[in-house]
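Peer 1: Structure file model.txt (compact mmCIF, C-alpha atoms) right here:
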```
# COMPACT_ATOMS: atom_id res chain seq x y z
CA MET T 1 56.57 42.09 53.68
CA LYS T 2 59.36 39.98 55.18
CA ASN T 3 57.28 39.38 58.29
CA GLN T 4 54.29 38.32 56.19
CA ILE T 5 56.36 35.78 54.27
CA GLN T 6 58.08 34.44 57.39
CA GLY T 7 54.75 34.05 59.18
CA LEU T 8 53.27 32.23 56.21
CA LEU T 9 56.20 29.80 55.95
CA ALA T 10 55.99 29.03 59.68
CA ALA T 11 52.25 28.38 59.46
CA MET T 12 52.71 26.04 56.49
CA ALA T 13 55.50 24.12 58.23
CA ILE T 14 53.22 23.50 61.21
CA ALA T 15 50.35 22.43 58.96
CA VAL T 16 52.55 19.92 57.13
CA CYS T 17 54.02 18.43 60.31
CA THR T 18 50.64 17.90 61.96
CA SER T 19 48.91 16.40 58.92
CA ALA T 20 51.59 13.90 57.89
CA SER T 21 50.27 10.98 59.94
CA ALA T 22 48.34 8.36 57.95
CA THR T 23 45.77 5.91 59.28
CA GLY T 24 45.10 2.23 58.55
CA LEU T 25 41.86 0.45 57.79
CA ALA T 26 41.74 -1.83 60.87
CA THR T 27 43.36 -2.55 64.22
CA CYS T 28 43.94 -5.89 65.96
CA GLU T 29 44.31 -6.71 69.65
CA SER T 30 47.16 -9.09 68.93
CA GLY T 31 49.43 -8.94 71.98
CA PRO T 32 53.21 -9.41 71.87
CA LYS T 33 54.78 -10.50 68.59
CA SER T 34 56.09 -13.69 70.21
CA GLY T 35 52.51 -14.98 70.04
CA TRP T 36 52.07 -14.15 66.33
CA GLN T 37 51.96 -16.78 63.63
CA PRO T 38 54.60 -16.43 60.91
CA ILE T 39 53.78 -14.45 57.76
CA GLU T 40 54.74 -17.48 55.67
CA LYS T 41 51.83 -19.46 57.14
CA LEU T 42 49.37 -16.72 56.16
CA GLU T 43 50.85 -16.56 52.67
CA LYS T 44 50.54 -20.34 52.28
CA GLN T 45 46.95 -20.28 53.52
CA LEU T 46 46.03 -17.55 51.04
CA SER T 47 47.82 -19.06 48.07
CA GLU T 48 45.96 -22.33 48.73
CA ARG T 49 42.79 -20.28 48.37
CA GLY T 50 43.97 -19.09 44.95
CA TRP T 51 45.32 -15.71 45.96
CA THR T 52 48.56 -14.20 44.62
CA VAL T 53 50.10 -12.40 47.59
CA ARG T 54 52.09 -9.31 46.56
CA ARG T 55 53.03 -7.82 49.89
CA VAL T 56 52.40 -8.37 53.59
CA LYS T 57 53.11 -5.69 56.16
CA GLU T 58 52.05 -4.91 59.72
CA ASP T 59 49.41 -2.25 60.25
CA GLY T 60 47.57 -1.51 63.49
CA GLY T 61 48.67 -4.83 65.01
CA CYS T 62 47.28 -6.76 62.00
CA TYR T 63 48.86 -8.35 58.97
CA GLU T 64 47.92 -6.17 55.99
CA VAL T 65 47.92 -8.09 52.72
CA TYR T 66 48.05 -6.72 49.18
CA ALA T 67 47.04 -9.48 46.79
CA ILE T 68 45.22 -10.52 43.66
CA ASP T 69 42.39 -12.80 44.79
CA ASP T 70 41.11 -16.00 43.16
CA LYS T 71 38.78 -13.92 40.94
CA GLY T 72 41.64 -11.74 39.67
CA GLN T 73 40.56 -8.75 41.77
CA ARG T 74 43.02 -6.50 43.63
CA VAL T 75 42.44 -6.78 47.37
CA GLU T 76 43.86 -5.06 50.43
CA ALA T 77 42.86 -7.35 53.32
CA TYR T 78 43.64 -7.50 57.04
CA PHE T 79 44.28 -10.68 59.04
CA HIS T 80 44.66 -11.27 62.75
CA PRO T 81 48.29 -12.30 63.36
CA VAL T 82 47.40 -14.79 66.11
CA THR T 83 44.38 -16.52 64.55
CA LEU T 84 45.12 -15.65 60.87
CA SER T 85 41.39 -15.03 60.44
CA PRO T 86 40.16 -12.12 58.29
CA VAL T 87 39.58 -8.80 60.05
CA PRO T 88 36.74 -6.59 58.78
CA THR T 89 38.01 -3.27 57.43
CA LYS T 90 36.31 0.10 57.35
CA SER T 91 35.24 0.92 53.81
CA ARG T 92 36.63 3.92 51.99
CA MET O 1 40.56 51.92 31.32
CA ALA O 2 41.48 49.22 28.83
CA TRP O 3 41.05 45.58 29.73
CA VAL O 4 42.75 42.60 28.14
CA ARG O 5 41.60 39.00 28.13
CA VAL O 6 44.64 37.38 29.69
CA TRP O 7 43.32 33.86 30.36
CA PRO O 8 40.80 32.47 27.84
CA LYS O 9 37.90 30.28 28.86
CA TRP O 10 39.61 26.96 28.06
CA GLN O 11 42.50 27.91 30.32
CA ARG O 12 40.18 28.96 33.15
CA LEU O 13 38.20 25.74 32.84
CA LEU O 14 41.38 23.64 32.84
CA HIS O 15 42.63 25.50 35.91
CA ALA O 16 39.31 24.99 37.73
CA GLY O 17 39.21 21.30 36.78
CA LEU O 18 42.77 20.73 37.93
CA ALA O 19 42.18 22.62 41.18
CA LEU O 20 39.05 20.64 42.01
CA THR O 21 40.41 17.20 41.08
CA THR O 22 43.72 17.82 42.87
CA VAL O 23 42.05 18.98 46.08
CA ALA O 24 39.58 16.07 45.87
CA ALA O 25 42.46 13.60 45.49
CA LEU O 26 44.36 15.13 48.41
CA VAL O 27 41.31 15.11 50.70
CA THR O 28 40.63 11.42 49.88
CA TYR O 29 44.33 10.53 50.31
CA GLU O 30 43.54 7.18 51.95
CA GLY O 31 42.36 5.87 48.59
CA GLY O 32 39.07 4.48 47.34
CA ARG O 33 36.83 5.06 44.36
CA LEU O 34 36.58 8.85 44.62
CA HIS O 35 40.36 9.18 45.02
CA GLU O 36 40.91 7.09 41.89
CA LEU O 37 38.31 8.99 39.83
CA ALA O 38 39.79 12.35 40.88
CA GLY O 39 43.24 11.06 39.99
CA TYR O 40 42.26 9.83 36.51
CA ALA O 41 40.51 13.15 35.79
CA ALA O 42 43.52 15.11 37.04
CA LEU O 43 45.83 12.99 34.87
CA ALA O 44 43.79 13.74 31.74
CA LEU O 45 43.66 17.47 32.52
CA VAL O 46 47.34 17.80 33.39
CA LEU O 47 48.40 15.97 30.21
CA LEU O 48 46.17 18.29 28.18
CA ARG O 49 47.71 21.35 29.86
CA LEU O 50 51.23 20.05 29.28
CA ALA O 51 50.48 19.43 25.60
CA LEU O 52 49.04 22.95 25.21
CA GLY O 53 52.04 24.31 27.10
CA PHE O 54 54.24 23.10 24.28
CA ALA O 55 51.96 23.36 21.25
CA GLY O 56 49.00 25.52 22.29
CA PRO O 57 48.21 29.21 21.73
CA THR O 58 51.33 31.36 22.16
CA PRO O 59 50.40 33.07 25.49
CA ALA O 60 49.69 29.68 27.08
CA ARG O 61 53.02 28.15 26.06
CA PHE O 62 55.64 27.65 28.73
CA THR O 63 58.14 29.57 26.59
CA SER O 64 55.85 32.63 26.86
CA PHE O 65 56.03 32.95 30.63
CA VAL O 66 58.69 30.67 32.17
CA ARG O 67 61.80 32.76 32.81
CA PRO O 68 65.38 31.60 33.47
CA PRO O 69 66.36 30.88 37.08
CA MET O 70 68.42 34.08 37.52
CA VAL O 71 65.59 36.29 36.24
CA THR O 72 63.22 34.49 38.61
CA TRP O 73 65.66 34.96 41.48
CA ASP O 74 65.91 38.70 40.77
CA TYR O 75 62.12 38.86 40.66
CA ALA O 76 61.87 37.04 44.01
CA ARG O 77 64.29 39.54 45.56
CA ALA O 78 62.21 42.39 44.17
CA VAL O 79 59.10 40.83 45.76
CA TRP O 80 60.97 40.61 49.06
CA LYS O 81 61.79 44.32 48.84
CA GLY O 82 58.24 45.13 47.72
CA ARG O 83 59.11 46.61 44.34
CA GLU O 84 58.51 43.88 41.75
CA ALA O 85 57.14 44.77 38.31
CA ARG O 86 53.58 43.84 37.38
CA HIS O 87 53.16 41.10 34.79
CA LEU O 88 50.07 40.62 32.66
CA ASN O 89 50.63 36.90 32.16
CA HIS O 90 52.05 34.72 34.98
CA ASN O 91 54.87 36.47 36.84
CA PRO O 92 58.20 34.56 37.01
CA LEU O 93 57.49 32.99 40.40
CA GLY O 94 53.93 32.11 39.36
CA ALA O 95 55.31 30.56 36.18
CA TRP O 96 57.58 28.22 38.13
CA MET O 97 54.64 27.37 40.36
CA VAL O 98 52.74 26.35 37.21
CA VAL O 99 55.64 24.16 36.06
CA VAL O 100 56.23 22.49 39.43
CA VAL O 101 52.54 21.87 40.16
CA LEU O 102 51.97 20.39 36.69
CA ALA O 103 55.06 18.17 36.97
CA LEU O 104 54.16 16.90 40.44
CA GLY O 105 50.51 16.48 39.46
CA ALA O 106 51.45 14.46 36.38
CA GLY O 107 53.86 12.31 38.38
CA ALA O 108 51.45 11.74 41.25
CA ALA O 109 48.52 10.89 38.97
CA ALA O 110 50.61 8.58 36.77
CA THR O 111 52.13 6.64 39.68
CA GLY O 112 48.70 6.35 41.30
CA ALA O 113 47.13 5.06 38.10
CA LEU O 114 49.92 2.47 37.71
CA TYR O 115 49.60 1.36 41.33
CA VAL O 116 45.96 0.32 40.90
CA THR O 117 46.78 -2.03 38.03
CA ASN O 118 47.10 -5.76 38.75
CA HIS O 119 50.70 -5.58 37.58
CA PHE O 120 51.92 -3.03 40.14
CA TRP O 121 49.44 -3.62 43.00
CA GLY O 122 51.26 -3.78 46.35
CA GLU O 123 54.58 -2.42 45.03
CA ALA O 124 55.96 -0.48 47.99
CA TRP O 125 58.36 1.66 45.94
CA LEU O 126 55.56 2.82 43.64
CA ILE O 127 53.21 3.89 46.42
CA ALA O 128 56.15 5.64 48.13
CA ALA O 129 56.88 7.54 44.91
CA HIS O 130 53.19 8.40 44.64
CA ALA O 131 53.18 9.86 48.17
CA LEU O 132 56.44 11.78 47.63
CA LEU O 133 55.07 13.36 44.46
CA ALA O 134 51.60 14.10 45.81
CA TRP O 135 52.18 15.51 49.31
CA PRO O 136 54.25 18.53 48.24
CA LEU O 137 51.10 19.67 46.40
CA GLY O 138 49.45 20.09 49.81
CA LEU O 139 52.18 22.63 50.58
CA LEU O 140 52.36 24.29 47.16
CA ILE O 141 48.62 24.96 46.81
CA PRO O 142 48.47 27.19 49.93
CA LEU O 143 51.71 28.85 48.78
CA HIS O 144 50.13 29.45 45.35
CA ILE O 145 47.03 31.00 46.97
CA ALA O 146 49.25 33.16 49.18
CA GLY O 147 51.16 34.34 46.09
CA VAL O 148 47.91 35.21 44.31
CA ILE O 149 46.64 37.18 47.32
CA HIS O 150 49.95 38.99 47.63
CA ALA O 151 50.14 39.92 43.93
CA SER O 152 46.49 41.01 43.93
CA ARG O 153 47.04 43.37 46.87
CA ARG O 154 50.37 44.59 45.60
CA HIS O 155 49.02 45.62 42.19
CA ARG O 156 45.46 46.36 43.35
CA GLU O 157 43.73 43.91 41.07
CA ASN O 158 41.47 40.87 41.30
CA LEU O 159 43.56 37.92 40.13
CA VAL O 160 40.94 35.46 41.37
CA GLY O 161 38.41 37.04 39.01
CA ALA O 162 40.95 36.93 36.20
CA MET O 163 41.67 33.20 36.63
CA TRP O 164 38.27 31.90 37.80
CA TRP O 165 35.69 34.19 36.23
CA HIS O 166 36.14 36.85 33.54
CA GLY O 167 39.73 36.19 32.48
CA CYS O 168 40.59 39.91 32.21
CA LYS O 169 43.20 42.21 33.67
CA ARG O 170 43.57 45.92 33.08
CA ALA O 171 46.19 46.99 30.56
CA GLU O 172 48.86 49.44 31.66
CA SER O 173 51.65 50.98 29.66
CA SER O 174 54.15 49.89 32.30
CA ASP O 175 53.16 46.23 32.08
CA ARG O 176 55.65 43.59 31.24
CA ALA O 177 54.50 42.11 27.93
CA ARG O 178 52.02 39.24 27.99
CA SER O 179 53.72 37.46 25.12
CA PRO O 180 56.27 36.96 23.83
CA PRO O 181 58.32 37.51 26.99
CA GLU O 182 60.26 40.70 27.41
CA ALA O 183 63.90 40.51 26.39
```
Any chance you could give the structure as structure tokens?

Peer 2:
Amino acid sequence: MKNQIQGLLAAMAIAVCTSASATGLATCESGPKSGWQPIEKLEKQLSERGWTVRRVKEDGGCYEVYAIDDKGQRVEAYFHPVTLSPVPTKSR
Amino acid sequence: MAWVRVWPKWQRLLHAGLALTTVAALVTYEGGRLHELAGYAALALVLLRLALGFAGPTPARFTSFVRPPMVTWDYARAVWKGREARHLNHNPLGAWMVVVVLALGAGAAATGALYVTNHFWGEAWLIAAHALLAWPLGLLIPLHIAGVIHASRRHRENLVGAMWWHGCKRAESSDRARSPPEA
């Protein structure tokens, strides 16, 4: 009985550790960060388009933006940090 | 041999619905339409189960099967030594599994539903809370299944049939009472 329980706990620990990595929706070939444009410039560009930017973070070498767009829709969009142009995302 | 209906049809359907929606939400963890639909359905089901746990039929109430921590600890030690008593309703460890899974499920579904509102969209703390509440379910569900398999073998009965299909377990004079809980 003890061996059964110990084996089970070990198996579950391994399963948890190997499945804990999440994946993003896009990747960008964006080079070193010294060549990136500042986040503020992206935020300004988007707010001029009527977006309300909630959060910008880095994901897969891209800027990942959580925002409410000009139509009032929630969007999670990716932008290239060098060109600040939109990056197509895989659908989910 | 006498058989008792331990888990009525509504309880079996709720269990099946919660199992399916929870697994669906975990599998689609990256988000999207299916993840959101599974989450809303799970939220409705878990709230219904919580309400019935406080005000439903007596055997389904939490007070009928949740035992104090020390009683549960003694039961766990008996399991470890391979001489735990059989319970007709949820055993003390199974009861705490019910409580923890329902609490985490409610928390995960509620934080997820809030996150996809315009008000909370993009809030890092909320999505972190959602992940912290949801991921332990991926650990607890296999543990729950392991507990069911163990109890089924230990007491030579088909607990999967009792919870997913016919709802019945055989009655034995040595059983711990189904409800109200033994003193």

Peer 1: If we count only C-alpha atoms, which residues of chain O reach to within 8 Å of chain T? Please list them as a PyMOL selection string.

Peer 2: chain O and resi 30-33+80-82+116+118+121-123+138-139+142

Peer 1: Residues within 6 Å of Gly39 in chain O, please, as a PyMOL selection string. Count only C-alpha atoms; anything in the same chain fewer than 3 positions from it doesn't count.

Peer 2: chain O and resi 36+42+109

Peer 1: For CA of His130 in chain O and CA of Leu102 in chain O, quote the distance in Å rounded to one decimal.

Peer 2: 14.4 Å

Peer 1: Quick check, in Å to one decimal: how far apart do CA of Trp51 in chain T and CA of Ala131 in chain O lie?

Peer 2: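 So the answer is 26.8 Å.
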
Peer 1: To one decimal in Å, tell me the separation between CA of Val66 in chain O and CA of Val100 in chain O.

Peer 2: 11.2 Å

Peer 1: Please identify all polymer residues within 12 Å of Ile141 in chain O, counting only C-alpha atoms, omitting same-chain residues fewer than 4 positions from it, and present them as a PyMOL selection string.

Peer 2: (chain T and resi 12) or (chain O and resi 18-20+22-23+26+94+97-98+100-102+104-105+134-137+145-148)

Peer 1: Taking all atoms listed in the file into account, name the residue in O:Leu133, O:Leu34, O:Leu43, O:Ala60 that is nearest to Trp10 in chain O.

Peer 2: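 Checking each of O:Leu133, O:Leu34, O:Leu43, O:Ala60 against Trp10 in chain O, counting all atoms listed in the file, the winner is O:Ala60.
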
Peer 1: Find the residues around range 26-33 of chain T up to 8 Å (only C-alpha atoms counted), leave out those fewer than 3 positions away in its own chain, and share them as a ChimeraX atom specification.

Peer 2: /T:36,59-62,78,80-82,87-90

Peer 1: Looking at O:Ala110, O:Thr117, O:Gln11, O:Asp74, which one is nearest to Ala44 in chain O, with distances taken over all atoms listed in the file?

Peer 2: O:Ala110

Peer 1: So which residues are close to (44.7, 41.3, 35.6), meaning at most 7 Å away in the file's coordinates with all atoms listed in the file counted, and can you show them as a PyMOL selection string?

Peer 2: chain O and resi 88+157-159+162+168-170

Peer 1: Could you rebuild range 107-143 of chain O with N, CA and C atoms and give it back as a PDB file, in the coordinates of the input?

Peer 2:
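As a result, rebuild_38.pdb now contains:
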```pdb
ATOM      1  N   GLY O 107      53.164  13.432  37.762  1.00  0.00           N
ATOM      2  CA  GLY O 107      53.860  12.310  38.380  1.00  0.00           C
ATOM      3  C   GLY O 107      52.992  11.577  39.390  1.00  0.00           C
ATOM      4  N   ALA O 108      52.300  12.353  40.226  1.00  0.00           N
ATOM      5  CA  ALA O 108      51.450  11.740  41.250  1.00  0.00           C
ATOM      6  C   ALA O 108      50.308  10.960  40.600  1.00  0.00           C
ATOM      7  N   ALA O 109      49.660  11.556  39.606  1.00  0.00           N
ATOM      8  CA  ALA O 109      48.520  10.890  38.970  1.00  0.00           C
ATOM      9  C   ALA O 109      48.975   9.641  38.207  1.00  0.00           C
ATOM     10  N   ALA O 110      50.134   9.729  37.543  1.00  0.00           N
ATOM     11  CA  ALA O 110      50.610   8.580  36.770  1.00  0.00           C
ATOM     12  C   ALA O 110      51.013   7.420  37.675  1.00  0.00           C
ATOM     13  N   THR O 111      51.736   7.719  38.777  1.00  0.00           N
ATOM     14  CA  THR O 111      52.130   6.640  39.680  1.00  0.00           C
ATOM     15  C   THR O 111      50.914   6.023  40.365  1.00  0.00           C
ATOM     16  N   GLY O 112      49.922   6.873  40.687  1.00  0.00           N
ATOM     17  CA  GLY O 112      48.700   6.350  41.300  1.00  0.00           C
ATOM     18  C   GLY O 112      47.942   5.440  40.350  1.00  0.00           C
ATOM     19  N   ALA O 113      47.848   5.865  39.088  1.00  0.00           N
ATOM     20  CA  ALA O 113      47.130   5.060  38.100  1.00  0.00           C
ATOM     21  C   ALA O 113      47.830   3.718  37.875  1.00  0.00           C
ATOM     22  N   LEU O 114      49.171   3.730  37.880  1.00  0.00           N
ATOM     23  CA  LEU O 114      49.920   2.470  37.710  1.00  0.00           C
ATOM     24  C   LEU O 114      49.726   1.549  38.922  1.00  0.00           C
ATOM     25  N   TYR O 115      49.682   2.168  40.118  1.00  0.00           N
ATOM     26  CA  TYR O 115      49.600   1.360  41.330  1.00  0.00           C
ATOM     27  C   TYR O 115      48.324   0.522  41.365  1.00  0.00           C
ATOM     28  N   VAL O 116      47.218   1.065  40.853  1.00  0.00           N
ATOM     29  CA  VAL O 116      45.960   0.320  40.900  1.00  0.00           C
ATOM     30  C   VAL O 116      45.756  -0.556  39.659  1.00  0.00           C
ATOM     31  N   THR O 117      46.852  -0.973  39.041  1.00  0.00           N
ATOM     32  CA  THR O 117      46.780  -2.030  38.030  1.00  0.00           C
ATOM     33  C   THR O 117      47.185  -3.340  38.700  1.00  0.00           C
ATOM     34  N   ASN O 118      46.726  -4.475  38.173  1.00  0.00           N
ATOM     35  CA  ASN O 118      47.100  -5.760  38.750  1.00  0.00           C
ATOM     36  C   ASN O 118      48.611  -5.974  38.722  1.00  0.00           C
ATOM     37  N   HIS O 119      49.265  -5.380  37.728  1.00  0.00           N
ATOM     38  CA  HIS O 119      50.700  -5.580  37.580  1.00  0.00           C
ATOM     39  C   HIS O 119      51.492  -4.973  38.735  1.00  0.00           C
ATOM     40  N   PHE O 120      51.127  -3.753  39.142  1.00  0.00           N
ATOM     41  CA  PHE O 120      51.920  -3.030  40.140  1.00  0.00           C
ATOM     42  C   PHE O 120      51.308  -3.027  41.533  1.00  0.00           C
ATOM     43  N   TRP O 121      50.138  -3.639  41.710  1.00  0.00           N
ATOM     44  CA  TRP O 121      49.440  -3.620  43.000  1.00  0.00           C
ATOM     45  C   TRP O 121      50.345  -4.146  44.122  1.00  0.00           C
ATOM     46  N   GLY O 122      50.455  -3.344  45.206  1.00  0.00           N
ATOM     47  CA  GLY O 122      51.260  -3.780  46.350  1.00  0.00           C
ATOM     48  C   GLY O 122      52.730  -3.421  46.265  1.00  0.00           C
ATOM     49  N   GLU O 123      53.167  -2.800  45.150  1.00  0.00           N
ATOM     50  CA  GLU O 123      54.580  -2.420  45.030  1.00  0.00           C
ATOM     51  C   GLU O 123      54.880  -1.248  45.964  1.00  0.00           C
ATOM     52  N   ALA O 124      55.704  -1.511  46.975  1.00  0.00           N
ATOM     53  CA  ALA O 124      55.960  -0.480  47.990  1.00  0.00           C
ATOM     54  C   ALA O 124      56.659   0.743  47.402  1.00  0.00           C
ATOM     55  N   TRP O 125      57.613   0.525  46.487  1.00  0.00           N
ATOM     56  CA  TRP O 125      58.360   1.660  45.940  1.00  0.00           C
ATOM     57  C   TRP O 125      57.455   2.587  45.147  1.00  0.00           C
ATOM     58  N   LEU O 126      56.437   2.000  44.484  1.00  0.00           N
ATOM     59  CA  LEU O 126      55.560   2.820  43.640  1.00  0.00           C
ATOM     60  C   LEU O 126      54.639   3.686  44.495  1.00  0.00           C
ATOM     61  N   ILE O 127      54.102   3.104  45.573  1.00  0.00           N
ATOM     62  CA  ILE O 127      53.210   3.890  46.420  1.00  0.00           C
ATOM     63  C   ILE O 127      54.024   4.933  47.192  1.00  0.00           C
ATOM     64  N   ALA O 128      55.295   4.630  47.478  1.00  0.00           N
ATOM     65  CA  ALA O 128      56.150   5.640  48.130  1.00  0.00           C
ATOM     66  C   ALA O 128      56.404   6.803  47.177  1.00  0.00           C
ATOM     67  N   ALA O 129      56.674   6.480  45.913  1.00  0.00           N
ATOM     68  CA  ALA O 129      56.880   7.540  44.910  1.00  0.00           C
ATOM     69  C   ALA O 129      55.618   8.384  44.760  1.00  0.00           C
ATOM     70  N   HIS O 130      54.476   7.704  44.752  1.00  0.00           N
ATOM     71  CA  HIS O 130      53.190   8.400  44.640  1.00  0.00           C
ATOM     72  C   HIS O 130      53.017   9.405  45.784  1.00  0.00           C
ATOM     73  N   ALA O 131      53.328   8.977  47.005  1.00  0.00           N
ATOM     74  CA  ALA O 131      53.180   9.860  48.170  1.00  0.00           C
ATOM     75  C   ALA O 131      54.175  11.022  48.103  1.00  0.00           C
ATOM     76  N   LEU O 132      55.419  10.723  47.693  1.00  0.00           N
ATOM     77  CA  LEU O 132      56.440  11.780  47.630  1.00  0.00           C
ATOM     78  C   LEU O 132      56.106  12.826  46.576  1.00  0.00           C
ATOM     79  N   LEU O 133      55.450  12.402  45.498  1.00  0.00           N
ATOM     80  CA  LEU O 133      55.070  13.360  44.460  1.00  0.00           C
ATOM     81  C   LEU O 133      53.824  14.143  44.844  1.00  0.00           C
ATOM     82  N   ALA O 134      52.903  13.480  45.558  1.00  0.00           N
ATOM     83  CA  ALA O 134      51.600  14.100  45.810  1.00  0.00           C
ATOM     84  C   ALA O 134      51.615  15.065  46.993  1.00  0.00           C
ATOM     85  N   TRP O 135      52.289  14.673  48.103  1.00  0.00           N
ATOM     86  CA  TRP O 135      52.180  15.510  49.310  1.00  0.00           C
ATOM     87  C   TRP O 135      52.720  16.913  49.169  1.00  0.00           C
ATOM     88  N   PRO O 136      53.813  17.132  48.402  1.00  0.00           N
ATOM     89  CA  PRO O 136      54.250  18.530  48.240  1.00  0.00           C
ATOM     90  C   PRO O 136      53.155  19.439  47.666  1.00  0.00           C
ATOM     91  N   LEU O 137      52.195  18.859  46.929  1.00  0.00           N
ATOM     92  CA  LEU O 137      51.100  19.670  46.400  1.00  0.00           C
ATOM     93  C   LEU O 137      50.285  20.283  47.542  1.00  0.00           C
ATOM     94  N   GLY O 138      50.182  19.564  48.658  1.00  0.00           N
ATOM     95  CA  GLY O 138      49.450  20.090  49.810  1.00  0.00           C
ATOM     96  C   GLY O 138      50.132  21.322  50.399  1.00  0.00           C
ATOM     97  N   LEU O 139      51.426  21.466  50.134  1.00  0.00           N
ATOM     98  CA  LEU O 139      52.180  22.630  50.580  1.00  0.00           C
ATOM     99  C   LEU O 139      52.143  23.737  49.514  1.00  0.00           C
ATOM    100  N   LEU O 140      52.248  23.313  48.245  1.00  0.00           N
ATOM    101  CA  LEU O 140      52.360  24.290  47.160  1.00  0.00           C
ATOM    102  C   LEU O 140      51.041  25.002  46.890  1.00  0.00           C
ATOM    103  N   ILE O 141      49.908  24.320  47.089  1.00  0.00           N
ATOM    104  CA  ILE O 141      48.620  24.960  46.810  1.00  0.00           C
ATOM    105  C   ILE O 141      48.386  26.147  47.750  1.00  0.00           C
ATOM    106  N   PRO O 142      48.587  25.995  49.078  1.00  0.00           N
ATOM    107  CA  PRO O 142      48.470  27.190  49.930  1.00  0.00           C
ATOM    108  C   PRO O 142      49.487  28.281  49.570  1.00  0.00           C
ATOM    109  N   LEU O 143      50.694  27.870  49.179  1.00  0.00           N
ATOM    110  CA  LEU O 143      51.710  28.850  48.780  1.00  0.00           C
ATOM    111  C   LEU O 143      51.254  29.595  47.523  1.00  0.00           C
TER     112      LEU O 143
END
```
